[in-house]
>>> print(open('final.txt').read())   # compact mmCIF, C-alpha atoms and all ligand atoms
# COMPACT_ATOMS: atom_id res chain seq x y z
CA MET A 29 6.93 7.17 -28.57
CA LEU A 30 4.71 9.95 -27.28
CA THR A 31 2.48 9.61 -30.32
CA LEU A 32 2.30 5.87 -29.84
CA LEU A 33 1.50 6.34 -26.18
CA ARG A 34 -1.41 8.58 -27.03
CA ARG A 35 -2.63 6.19 -29.68
CA ALA A 36 -2.44 3.29 -27.26
CA THR A 37 -4.66 5.13 -24.80
CA LEU A 38 -7.45 5.20 -27.35
CA PHE A 39 -8.02 1.51 -26.87
CA ALA A 40 -9.98 0.28 -23.89
CA GLY A 41 -9.33 -3.09 -22.32
CA ALA A 42 -6.64 -4.84 -20.35
CA ALA A 43 -4.39 -5.24 -23.36
CA ALA A 44 -4.12 -1.47 -23.71
CA LEU A 45 -2.39 -1.26 -20.34
CA VAL A 46 0.71 -2.70 -21.95
CA LEU A 47 2.41 -0.49 -24.47
CA PRO A 48 3.04 -2.56 -27.61
CA ALA A 49 5.63 -0.15 -28.99
CA THR A 50 7.72 -0.38 -25.84
CA ARG A 51 7.64 -4.15 -25.93
CA LYS A 52 8.76 -4.15 -29.56
CA VAL A 53 11.64 -1.79 -28.88
CA ALA A 54 12.60 -3.72 -25.77
CA ALA A 55 12.63 -7.00 -27.71
CA GLN A 56 15.43 -5.73 -29.93
CA SER A 57 17.87 -5.02 -27.14
CA ALA A 58 16.65 -6.66 -23.95
CA PRO A 59 14.30 -9.38 -22.76
CA VAL A 60 10.61 -8.54 -23.24
CA LEU A 61 9.17 -7.29 -19.99
CA PRO A 62 5.40 -7.61 -20.24
CA GLY A 63 3.54 -5.02 -18.25
CA SER A 64 6.60 -3.07 -17.26
CA VAL A 65 5.31 0.27 -18.54
CA VAL A 66 1.68 1.00 -17.82
CA VAL A 67 -0.15 3.21 -20.27
CA ASP A 68 -2.41 5.91 -18.84
CA PRO A 69 -5.77 4.14 -18.54
CA SER A 70 -9.12 5.72 -19.34
CA TYR A 71 -12.83 5.02 -18.94
CA PRO A 72 -14.15 2.37 -18.93
CA PHE A 73 -11.38 1.31 -16.59
CA VAL A 74 -10.50 -2.37 -16.49
CA LEU A 75 -8.65 -4.54 -14.01
CA PRO A 76 -5.25 -5.35 -15.53
CA PRO A 77 -4.38 -9.04 -15.12
CA LEU A 78 -1.62 -10.02 -12.73
CA PRO A 79 1.48 -10.33 -14.93
CA TYR A 80 2.38 -13.64 -13.20
CA ALA A 81 0.79 -16.44 -11.20
CA ALA A 82 -0.60 -15.51 -7.79
CA ALA A 83 1.99 -17.78 -6.18
CA ALA A 84 4.91 -16.12 -7.99
CA ASN A 85 5.85 -14.05 -4.94
CA GLU A 86 5.82 -16.96 -2.49
CA PRO A 87 7.06 -17.25 0.18
CA SER A 88 7.49 -13.50 0.68
CA ILE A 89 3.92 -12.69 -0.35
CA ASP A 90 1.46 -15.57 -0.15
CA ALA A 91 -0.77 -16.52 -3.07
CA GLN A 92 -4.02 -16.03 -1.18
CA THR A 93 -3.09 -12.46 -0.31
CA MET A 94 -2.18 -11.79 -3.94
CA GLU A 95 -5.51 -13.23 -5.15
CA LEU A 96 -7.66 -11.30 -2.70
CA HIS A 97 -5.64 -8.15 -3.16
CA HIS A 98 -5.88 -8.21 -6.94
CA ASP A 99 -9.21 -9.93 -7.59
CA LYS A 100 -11.19 -8.21 -4.81
CA HIS A 101 -9.48 -5.03 -3.63
CA HIS A 102 -8.08 -3.73 -6.91
CA ALA A 103 -11.21 -4.87 -8.75
CA ALA A 104 -13.33 -2.83 -6.34
CA TYR A 105 -11.29 0.33 -6.97
CA VAL A 106 -11.84 -0.14 -10.71
CA ALA A 107 -15.58 -0.77 -10.34
CA ASN A 108 -16.03 2.17 -7.96
CA LEU A 109 -14.04 4.49 -10.21
CA ASN A 110 -16.21 3.57 -13.20
CA ALA A 111 -19.35 4.09 -11.12
CA ALA A 112 -18.12 7.51 -9.97
CA VAL A 113 -17.44 8.91 -13.43
CA ASN A 114 -20.17 7.05 -15.31
CA ASP A 115 -22.62 9.95 -15.21
CA HIS A 116 -19.95 12.62 -15.74
CA PRO A 117 -18.92 12.40 -19.40
CA GLN A 118 -16.50 15.34 -19.18
CA VAL A 119 -14.63 13.64 -16.36
CA ALA A 120 -14.91 10.19 -17.95
CA ALA A 121 -13.20 11.59 -21.06
CA MET A 122 -10.03 12.33 -19.08
CA PRO A 123 -7.19 9.83 -18.75
CA LEU A 124 -6.63 8.74 -15.15
CA THR A 125 -3.50 10.88 -14.68
CA HIS A 126 -5.50 13.95 -15.69
CA MET A 127 -8.35 13.16 -13.27
CA LEU A 128 -5.90 12.86 -10.39
CA ALA A 129 -3.85 15.91 -11.31
CA LYS A 130 -7.03 18.02 -11.70
CA LEU A 131 -8.86 16.62 -8.70
CA ASN A 132 -9.83 20.05 -7.39
CA GLU A 133 -11.59 20.86 -10.66
CA LEU A 134 -13.83 17.78 -10.55
CA PRO A 135 -17.45 18.00 -9.30
CA ASP A 136 -17.34 17.81 -5.51
CA THR A 137 -19.88 14.98 -5.54
CA ILE A 138 -17.33 12.61 -7.10
CA ARG A 139 -14.01 14.15 -5.99
CA THR A 140 -13.45 11.86 -3.01
CA ALA A 141 -14.48 8.75 -4.97
CA VAL A 142 -12.01 9.58 -7.76
CA ARG A 143 -9.28 10.41 -5.25
CA ASN A 144 -9.70 7.09 -3.43
CA ASN A 145 -10.58 4.73 -6.27
CA GLY A 146 -8.63 6.44 -9.05
CA GLY A 147 -5.67 6.62 -6.72
CA GLY A 148 -6.17 2.96 -5.84
CA HIS A 149 -6.32 1.96 -9.50
CA ALA A 150 -3.14 3.90 -10.31
CA TRP A 151 -1.20 2.60 -7.32
CA HIS A 152 -2.11 -1.05 -7.84
CA SER A 153 -1.55 -0.94 -11.62
CA MET A 154 2.05 0.01 -10.82
CA PHE A 155 2.35 -2.30 -7.81
CA TRP A 156 1.79 -5.65 -9.58
CA THR A 157 4.37 -4.88 -12.25
CA VAL A 158 7.23 -4.03 -9.89
CA MET A 159 6.80 -7.37 -8.10
CA GLY A 160 7.19 -10.92 -9.41
CA GLY A 161 10.96 -10.49 -9.60
CA LYS A 162 14.00 -11.94 -7.91
CA GLY A 163 14.86 -9.05 -5.61
CA GLY A 164 18.58 -8.68 -5.05
CA ASP A 165 20.41 -5.52 -5.98
CA PRO A 166 19.47 -3.05 -8.72
CA ASP A 167 21.99 -2.37 -11.46
CA GLY A 168 22.59 0.08 -14.29
CA ASP A 169 21.13 3.59 -14.27
CA VAL A 170 18.76 2.88 -11.37
CA ALA A 171 21.60 1.66 -9.17
CA ALA A 172 23.64 4.74 -10.05
CA ALA A 173 20.71 7.04 -9.24
CA ILE A 174 20.12 5.28 -5.91
CA ALA A 175 23.80 5.62 -4.95
CA ARG A 176 23.78 9.29 -5.96
CA ASP A 177 20.53 10.26 -4.20
CA PHE A 178 20.56 8.00 -1.12
CA GLY A 179 24.21 7.09 -0.61
CA SER A 180 23.62 3.37 -1.08
CA PHE A 181 20.89 0.84 -1.83
CA ALA A 182 21.05 -0.39 1.78
CA GLN A 183 20.42 3.16 2.99
CA MET A 184 17.50 3.63 0.60
CA LYS A 185 15.88 0.36 1.70
CA SER A 186 16.31 1.29 5.33
CA ASP A 187 14.81 4.76 4.83
CA PHE A 188 11.99 3.39 2.66
CA ASN A 189 11.06 0.76 5.23
CA LYS A 190 11.19 3.40 7.96
CA ALA A 191 8.80 5.57 5.93
CA GLY A 192 6.48 2.58 5.50
CA LEU A 193 6.60 1.69 9.16
CA GLY A 194 6.04 5.31 10.19
CA GLN A 195 2.94 5.81 8.04
CA PHE A 196 0.07 5.74 10.52
CA GLY A 197 -2.78 3.53 9.34
CA SER A 198 -3.11 2.69 5.65
CA GLY A 199 -1.03 4.04 2.81
CA TRP A 200 2.00 3.58 0.62
CA ALA A 201 5.77 3.90 0.87
CA VAL A 202 7.22 5.21 -2.36
CA VAL A 203 10.32 6.11 -4.32
CA LEU A 204 9.49 9.07 -6.51
CA VAL A 205 11.35 9.89 -9.72
CA ASP A 206 11.37 13.20 -11.56
CA ALA A 207 12.00 13.79 -15.26
CA SER A 208 15.70 14.42 -14.62
CA GLY A 209 15.97 11.00 -12.97
CA LYS A 210 16.34 12.36 -9.45
CA LEU A 211 14.91 10.05 -6.78
CA SER A 212 13.25 10.87 -3.47
CA LEU A 213 11.42 8.95 -0.77
CA GLY A 214 7.99 9.47 0.66
CA ALA A 215 4.83 7.97 2.09
CA ARG A 216 1.21 8.70 1.27
CA PRO A 217 -1.93 8.02 3.32
CA ASN A 218 -4.85 5.90 2.06
CA GLN A 219 -4.83 5.77 -1.76
CA ASP A 220 -3.54 9.33 -2.24
CA SER A 221 -1.49 9.20 -5.41
CA PRO A 222 1.65 11.24 -6.10
CA LEU A 223 -0.03 11.84 -9.48
CA MET A 224 -2.24 14.31 -7.56
CA ASP A 225 0.92 16.42 -7.17
CA GLY A 226 2.10 15.78 -10.72
CA LYS A 227 4.78 13.41 -9.40
CA ARG A 228 5.80 10.02 -10.76
CA VAL A 229 6.36 6.76 -8.91
CA LEU A 230 9.46 4.68 -9.56
CA LEU A 231 8.24 1.94 -7.23
CA GLY A 232 6.02 1.78 -4.19
CA ASN A 233 4.90 -0.69 -1.56
CA ASP A 234 1.34 -1.10 -0.33
CA ILE A 235 1.21 -0.90 3.45
CA TRP A 236 -2.53 -1.36 3.85
CA GLU A 237 -3.17 -4.31 6.14
CA HIS A 238 -4.90 -6.09 3.24
CA ALA A 239 -1.46 -6.35 1.60
CA TYR A 240 0.12 -8.40 4.38
CA TYR A 241 -2.17 -9.28 7.28
CA LEU A 242 -2.89 -12.94 6.38
CA LYS A 243 0.79 -13.86 6.56
CA TYR A 244 2.37 -11.16 8.71
CA GLN A 245 -0.52 -10.05 10.94
CA ASN A 246 0.73 -7.01 12.88
CA ARG A 247 4.37 -7.46 11.77
CA ARG A 248 4.49 -4.74 9.14
CA ALA A 249 8.27 -4.43 9.48
CA ASP A 250 8.72 -8.09 8.47
CA TYR A 251 6.49 -7.56 5.44
CA LEU A 252 8.40 -4.44 4.42
CA ALA A 253 11.70 -6.35 4.68
CA ALA A 254 10.41 -9.39 2.74
CA TRP A 255 8.88 -7.32 -0.06
CA TRP A 256 12.34 -6.47 -1.42
CA ASN A 257 12.83 -10.19 -2.17
CA VAL A 258 10.28 -9.98 -4.98
CA VAL A 259 11.05 -6.58 -6.47
CA ASN A 260 11.43 -6.84 -10.22
CA TRP A 261 14.47 -4.65 -10.92
CA PRO A 262 14.36 -5.07 -14.72
CA VAL A 263 10.83 -3.61 -14.65
CA VAL A 264 11.94 -0.81 -12.33
CA ALA A 265 14.75 -0.07 -14.80
CA GLU A 266 12.16 0.22 -17.59
CA ARG A 267 10.12 2.59 -15.43
CA TYR A 268 13.22 4.69 -14.74
CA LYS A 269 13.99 4.90 -18.43
CA ALA A 270 10.37 5.91 -19.17
CA ALA A 271 10.40 8.53 -16.40
CA THR A 272 13.50 10.20 -17.81
CA ALA A 273 11.93 10.09 -21.29
CA ALA A 274 8.76 11.70 -19.83
CA THR A 275 6.69 8.72 -21.01
CA LEU A 276 5.93 7.19 -17.60
CA ALA A 277 2.18 7.61 -17.10
CA ILE A 278 1.18 5.68 -13.99
MN MN B 1 -3.83 -2.57 -1.83
>>> encode(input="final.txt", output="structure tokens", more="lines below")
Ligand code: MN
Amino acid sequence: MLTLLRRATLFAGAAALVLPATRKVAAQSAPVLPGSVVVDPSYPFVLPPLPYAAAANEPSIDAQTMELHHDKHHAAYVANLNAAVNDHPQVAAMPLTHMLAKLNELPDTIRTAVRNNGGGHAWHSMFWTVMGGKGGDPDGDVAAAIARDFGSFAQMKSDFNKAGLGQFGSGWAVVLVDASGKLSLGARPNQDSPLMDGKRVLLGNDIWEHAYYLKYQNRRADYLAAWWNVVNWPVVAERYKAATAATLAI
């Protein structure tokens, strides 16, 4: 799978963000989950399509927010990231995970742009895929890991929402997963990606006001609570499996 992952990264374009090999394997034993594992993107970066209709997360997340968030905000991160690395071929040759992990080695003239826009591209590429689901309770290996590392799913949700509510200003609430499958909670400011620290995201929620303000205004807690209604646990399970196989890129 590692070889196939590397091969897949050679192709530019939205289609390359979905790993064909994973979908084929998944089709033999489980329903196909398009977009569930995101391949490490590279220059020229492209905006991955939403893997569902903009209204798919109604009523928890309204369609207009989804459209603006994806078509304007995420698109801008992609365009700005391309613009930042366009005149730096050595940086442009790196996959996104490498750029973020080696941020301190990048030219200082583009470091902040890559941090913000590369981080934004990585975060949102994950974000769309872990939504569009039915919420409810996780099952299988993910549920077992949550029970082991947080005590219960209810406890994890409560701690996650608290982390999201406590993040001053813009940022992300996140469940991190390491290669052994161990989970931990955190929050990050702005578009700072855990990939900067070599860490991997199991799932994360965008707590920038652009993610919720049209429907929830200042009620971030209500947004955080409602977001769980649309979490796509089968996709999260695929991400968990990839993380423990060391094939989870973004
Ligand atoms: Mn966002």
>>> atom_distance(input="final.txt", atom1="atom CA of His149 of chain A", atom2="atom CA of Pro217 of chain A")
14.8 Å
>>> closest_residue(input="final.txt", among="A:Asp99, A:Asp177, A:Glu266, A:Asp250", to="ligand MN 1 (chain B)", atoms="all atoms listed in the file")
A:Asp99
>>> residues_around(input="final.txt", residues="segment 109-125 of chain A", least_positions_apart="6", cutoff="9 Å", atoms="all atoms listed in the file", output="count of residues only")
26
>>> residues_near_ligand(input="final.txt", ligand="ligand MN 1 (chain B)", cutoff="12 Å", atoms="only C-alpha atoms and all ligand atoms", output="PyMOL selection string")
chain A and resi 93-105+144-145+147-156+198-201+217-220+232-241
>>> atom_distance(input="final.txt", atom1="atom CA of Ala207 of chain A", atom2="atom CA of Leu193 of chain A")
27.8 Å
>>> atom_distance(input="final.txt", atom1="atom CA of Gly209 of chain A", atom2="atom CA of Thr272 of chain A")
5.5 Å
>>> residues_around(input="final.txt", residues="Arg228 of chain A", least_positions_apart="4", cutoff="7 Å", atoms="only C-alpha atoms", output="MDAnalysis selection string")
chainID A and resid 204:206 222:223
>>> residues_near_point(input="final.txt", point="(4.7, -10.0, -11.5)", cutoff="12 Å", atoms="all atoms listed in the file", output="VMD selection string")
chain A and resid 61 to 64 76 to 86 89 91 94 98 152 to 163 258 to 264
>>> write_last_selection(input="final.txt", atoms="C-alpha atoms", output="short mmCIF file (atom, residue, chain, number, x, y, z; two decimals), in the coordinates of the input")
data_model
loop_
_atom_site.label_atom_id
_atom_site.label_comp_id
_atom_site.auth_asym_id
_atom_site.auth_seq_id
_atom_site.Cartn_x
_atom_site.Cartn_y
_atom_site.Cartn_z
CA LEU A 61 9.17 -7.29 -19.99
CA PRO A 62 5.40 -7.61 -20.24
CA GLY A 63 3.54 -5.02 -18.25
CA SER A 64 6.60 -3.07 -17.26
CA PRO A 76 -5.25 -5.35 -15.53
CA PRO A 77 -4.38 -9.04 -15.12
CA LEU A 78 -1.62 -10.02 -12.73
CA PRO A 79 1.48 -10.33 -14.93
CA TYR A 80 2.38 -13.64 -13.20
CA ALA A 81 0.79 -16.44 -11.20
CA ALA A 82 -0.60 -15.51 -7.79
CA ALA A 83 1.99 -17.78 -6.18
CA ALA A 84 4.91 -16.12 -7.99
CA ASN A 85 5.85 -14.05 -4.94
CA GLU A 86 5.82 -16.96 -2.49
CA ILE A 89 3.92 -12.69 -0.35
CA ALA A 91 -0.77 -16.52 -3.07
CA MET A 94 -2.18 -11.79 -3.94
CA HIS A 98 -5.88 -8.21 -6.94
CA HIS A 152 -2.11 -1.05 -7.84
CA SER A 153 -1.55 -0.94 -11.62
CA MET A 154 2.05 0.01 -10.82
CA PHE A 155 2.35 -2.30 -7.81
CA TRP A 156 1.79 -5.65 -9.58
CA THR A 157 4.37 -4.88 -12.25
CA VAL A 158 7.23 -4.03 -9.89
CA MET A 159 6.80 -7.37 -8.10
CA GLY A 160 7.19 -10.92 -9.41
CA GLY A 161 10.96 -10.49 -9.60
CA LYS A 162 14.00 -11.94 -7.91
CA GLY A 163 14.86 -9.05 -5.61
CA VAL A 258 10.28 -9.98 -4.98
CA VAL A 259 11.05 -6.58 -6.47
CA ASN A 260 11.43 -6.84 -10.22
CA TRP A 261 14.47 -4.65 -10.92
CA PRO A 262 14.36 -5.07 -14.72
CA VAL A 263 10.83 -3.61 -14.65
CA VAL A 264 11.94 -0.81 -12.33
#
>>> closest_residue(input="final.txt", among="A:Gly214, A:Val202, A:Ser208, A:Ala249", to="Ala274 of chain A", atoms="only C-alpha atoms")
A:Ser208
>>> residues_around(input="final.txt", residues="Leu276 of chain A", least_positions_apart="6", cutoff="9 Å", atoms="only C-alpha atoms", output="number ranges by chain")
A: 65-68, 228-229, 267-270
>>> write_last_selection(input="final.txt", atoms="C-alpha atoms", output="tab-separated table (two decimals), in the coordinates of the input")
chain	number	residue	atom	x	y	z
A	65	VAL	CA	5.31	0.27	-18.54
A	66	VAL	CA	1.68	1.00	-17.82
A	67	VAL	CA	-0.15	3.21	-20.27
A	68	ASP	CA	-2.41	5.91	-18.84
A	228	ARG	CA	5.80	10.02	-10.76
A	229	VAL	CA	6.36	6.76	-8.91
A	267	ARG	CA	10.12	2.59	-15.43
A	268	TYR	CA	13.22	4.69	-14.74
A	269	LYS	CA	13.99	4.90	-18.43
A	270	ALA	CA	10.37	5.91	-19.17
>>> axis_aligned_box(input="final.txt", around="segment 255-263 of chain A", padding_each_side="5 Å", output="lines of an AutoDock Vina configuration file")
center_x = 11.7
center_y = -6.9
center_z = -7.4
size_x = 15.6
size_y = 16.6
size_z = 24.7
>>> residues_around(input="final.txt", residues="Asp225 of chain A", least_positions_apart="6", cutoff="10 Å", atoms="only C-alpha atoms", output="tab-separated table (two decimals) with C-alpha atoms, in the coordinates of the input")
chain	number	residue	atom	x	y	z
A	128	LEU	CA	-5.90	12.86	-10.39
A	129	ALA	CA	-3.85	15.91	-11.31
A	130	LYS	CA	-7.03	18.02	-11.70
A	131	LEU	CA	-8.86	16.62	-8.70
>>> closest_residue(input="final.txt", among="A:Ile174, A:Leu252, A:Ser88, A:Ser180", to="Val203 of chain A", atoms="only C-alpha atoms")
A:Ile174
